[in-house]
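Asker: Quick one: structure below, then a few questions.
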Amino acid sequence: MVGSWSVLVHSVRPFTIHGDLYYELTAQRPDEPSTAVILRVPQHAVASEPIVGQRLTVTFLMGQVVGCKPEIEQ
């Protein structure tokens, strides 16, 4: 999987793997409102901790999250 998704965050759960901080997000894609997705986002891919209710653009490379930034509200 390569590309970006727009998602709405429903829950955030911080956890560590070998001392590295990750955030497990339960989120929903606006184009698939009946389906929830779980994303594991490394701390280095976000500027700040994701927040419930926040809309994010999540970027993937080879199925891994490599970027995650807040969407600008219009």
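FYI, nothing fancy with the structure tokens labels: chains A, B, ... in order, residues from 1 per chain, ligands from 1 as they appear.
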Excluding Val9 (chain A) and its own-chain neighbours fewer than 4 positions away, which residues fall within 10 Å of it when counting only C-alpha atoms? Please give them as a ChimeraX atom specification.
Answerer: /A:25-29,36-39,50-56
Asker: Return as number ranges by chain the full set of residues in chain A whose backbone-based DSSP assignment is strand (DSSP E).
Answerer: A: 3-17, 20-29, 32-42, 55-61, 64-70
Asker: So that I have them on file, write out the residues from the current selection with N, CA and C atoms, as a compact mmCIF listing (two decimals), in the first residue's frame.
Answerer:
# COMPACT_ATOMS: atom_id res chain seq x y z
N GLY A 3 0.59 5.63 -0.70
CA GLY A 3 -0.32 6.75 -0.89
C GLY A 3 -0.75 7.36 0.42
N SER A 4 -1.89 8.05 0.39
CA SER A 4 -2.38 8.76 1.57
C SER A 4 -3.86 8.49 1.77
N TRP A 5 -4.27 8.53 3.04
CA TRP A 5 -5.67 8.42 3.42
C TRP A 5 -6.02 9.63 4.27
N SER A 6 -7.25 10.05 4.15
CA SER A 6 -7.83 11.02 5.07
C SER A 6 -8.62 10.20 6.09
N VAL A 7 -8.41 10.46 7.38
CA VAL A 7 -9.11 9.70 8.42
C VAL A 7 -9.60 10.61 9.53
N LEU A 8 -10.64 10.15 10.22
CA LEU A 8 -11.15 10.79 11.43
C LEU A 8 -10.81 9.88 12.60
N VAL A 9 -10.09 10.41 13.59
CA VAL A 9 -9.60 9.62 14.72
C VAL A 9 -10.72 9.40 15.74
N HIS A 10 -10.94 8.12 16.11
CA HIS A 10 -11.95 7.77 17.13
C HIS A 10 -11.31 7.41 18.47
N SER A 11 -10.09 6.86 18.45
CA SER A 11 -9.40 6.58 19.70
C SER A 11 -7.89 6.59 19.46
N VAL A 12 -7.15 6.89 20.53
CA VAL A 12 -5.68 6.94 20.48
C VAL A 12 -5.16 6.15 21.67
N ARG A 13 -4.27 5.20 21.40
CA ARG A 13 -3.67 4.42 22.48
C ARG A 13 -2.16 4.40 22.30
N PRO A 14 -1.40 5.12 23.15
CA PRO A 14 0.06 5.08 23.06
C PRO A 14 0.58 3.73 23.56
N PHE A 15 1.64 3.23 22.93
CA PHE A 15 2.30 2.02 23.38
C PHE A 15 3.74 2.03 22.90
N THR A 16 4.56 1.17 23.46
CA THR A 16 5.97 1.12 23.06
C THR A 16 6.32 -0.26 22.52
N ILE A 17 7.25 -0.25 21.58
CA ILE A 17 7.87 -1.48 21.06
C ILE A 17 9.37 -1.26 21.15
N ASP A 20 10.49 2.30 21.60
CA ASP A 20 10.02 3.31 20.65
C ASP A 20 8.52 3.53 20.85
N LEU A 21 8.11 4.81 20.90
CA LEU A 21 6.71 5.16 21.12
C LEU A 21 5.92 5.10 19.82
N TYR A 22 4.75 4.48 19.88
CA TYR A 22 3.80 4.40 18.77
C TYR A 22 2.43 4.83 19.29
N TYR A 23 1.55 5.20 18.35
CA TYR A 23 0.16 5.47 18.67
C TYR A 23 -0.71 4.51 17.87
N GLU A 24 -1.56 3.78 18.55
CA GLU A 24 -2.52 2.93 17.85
C GLU A 24 -3.80 3.74 17.71
N LEU A 25 -4.16 4.03 16.47
CA LEU A 25 -5.34 4.84 16.20
C LEU A 25 -6.47 3.95 15.68
N THR A 26 -7.65 4.13 16.23
CA THR A 26 -8.86 3.58 15.61
C THR A 26 -9.44 4.76 14.86
N ALA A 27 -9.63 4.59 13.56
CA ALA A 27 -10.05 5.70 12.73
C ALA A 27 -11.06 5.25 11.68
N GLN A 28 -11.63 6.23 11.03
CA GLN A 28 -12.64 5.99 10.00
C GLN A 28 -12.28 6.84 8.79
N ARG A 29 -12.34 6.21 7.61
CA ARG A 29 -12.13 6.95 6.37
C ARG A 29 -13.46 7.55 5.93
N GLU A 32 -15.42 5.58 3.46
CA GLU A 32 -15.89 4.28 3.92
C GLU A 32 -16.41 4.41 5.35
N PRO A 33 -17.53 5.12 5.55
CA PRO A 33 -17.99 5.44 6.91
C PRO A 33 -18.42 4.24 7.75
N SER A 34 -18.69 3.10 7.14
CA SER A 34 -19.12 1.94 7.93
C SER A 34 -17.96 1.05 8.36
N THR A 35 -16.73 1.43 8.00
CA THR A 35 -15.57 0.60 8.30
C THR A 35 -14.57 1.35 9.17
N ALA A 36 -14.16 0.73 10.27
CA ALA A 36 -13.11 1.30 11.11
C ALA A 36 -11.78 0.66 10.74
N VAL A 37 -10.71 1.42 10.85
CA VAL A 37 -9.37 0.91 10.59
C VAL A 37 -8.52 1.15 11.82
N ILE A 38 -7.54 0.28 12.02
CA ILE A 38 -6.58 0.45 13.10
C ILE A 38 -5.23 0.73 12.47
N LEU A 39 -4.63 1.84 12.87
CA LEU A 39 -3.35 2.26 12.33
C LEU A 39 -2.33 2.36 13.44
N ARG A 40 -1.13 1.90 13.20
CA ARG A 40 -0.04 2.04 14.17
C ARG A 40 0.93 3.07 13.62
N VAL A 41 0.99 4.19 14.32
CA VAL A 41 1.74 5.35 13.85
C VAL A 41 2.97 5.55 14.74
N PRO A 42 4.18 5.51 14.18
CA PRO A 42 5.37 5.77 15.00
C PRO A 42 5.45 7.24 15.39
N ARG A 55 -9.02 15.22 12.35
CA ARG A 55 -8.91 14.69 10.99
C ARG A 55 -7.45 14.74 10.59
N LEU A 56 -6.95 13.61 10.10
CA LEU A 56 -5.54 13.49 9.74
C LEU A 56 -5.38 13.01 8.30
N THR A 57 -4.27 13.38 7.70
CA THR A 57 -3.83 12.77 6.45
C THR A 57 -2.69 11.85 6.82
N VAL A 58 -2.88 10.56 6.53
CA VAL A 58 -1.90 9.54 6.88
C VAL A 58 -1.24 9.06 5.59
N THR A 59 0.10 9.07 5.55
CA THR A 59 0.84 8.67 4.37
C THR A 59 1.50 7.32 4.61
N PHE A 60 1.40 6.44 3.61
CA PHE A 60 1.91 5.08 3.71
C PHE A 60 3.01 4.84 2.68
N LEU A 61 3.92 3.96 3.03
CA LEU A 61 4.92 3.43 2.10
C LEU A 61 5.09 1.96 2.43
N GLN A 64 3.37 0.71 5.61
CA GLN A 64 3.75 1.30 6.89
C GLN A 64 3.43 2.79 6.90
N VAL A 65 2.98 3.30 8.04
CA VAL A 65 2.73 4.74 8.17
C VAL A 65 4.07 5.45 8.26
N VAL A 66 4.29 6.40 7.34
CA VAL A 66 5.54 7.17 7.34
C VAL A 66 5.31 8.65 7.60
N GLY A 67 4.04 9.06 7.61
CA GLY A 67 3.71 10.46 7.87
C GLY A 67 2.28 10.58 8.35
N CYS A 68 2.03 11.56 9.18
CA CYS A 68 0.69 11.76 9.72
C CYS A 68 0.59 13.22 10.13
N LYS A 69 -0.30 13.97 9.45
CA LYS A 69 -0.42 15.39 9.79
C LYS A 69 -1.88 15.79 9.83
N PRO A 70 -2.20 16.78 10.67
CA PRO A 70 -3.58 17.27 10.76
C PRO A 70 -4.01 17.89 9.45
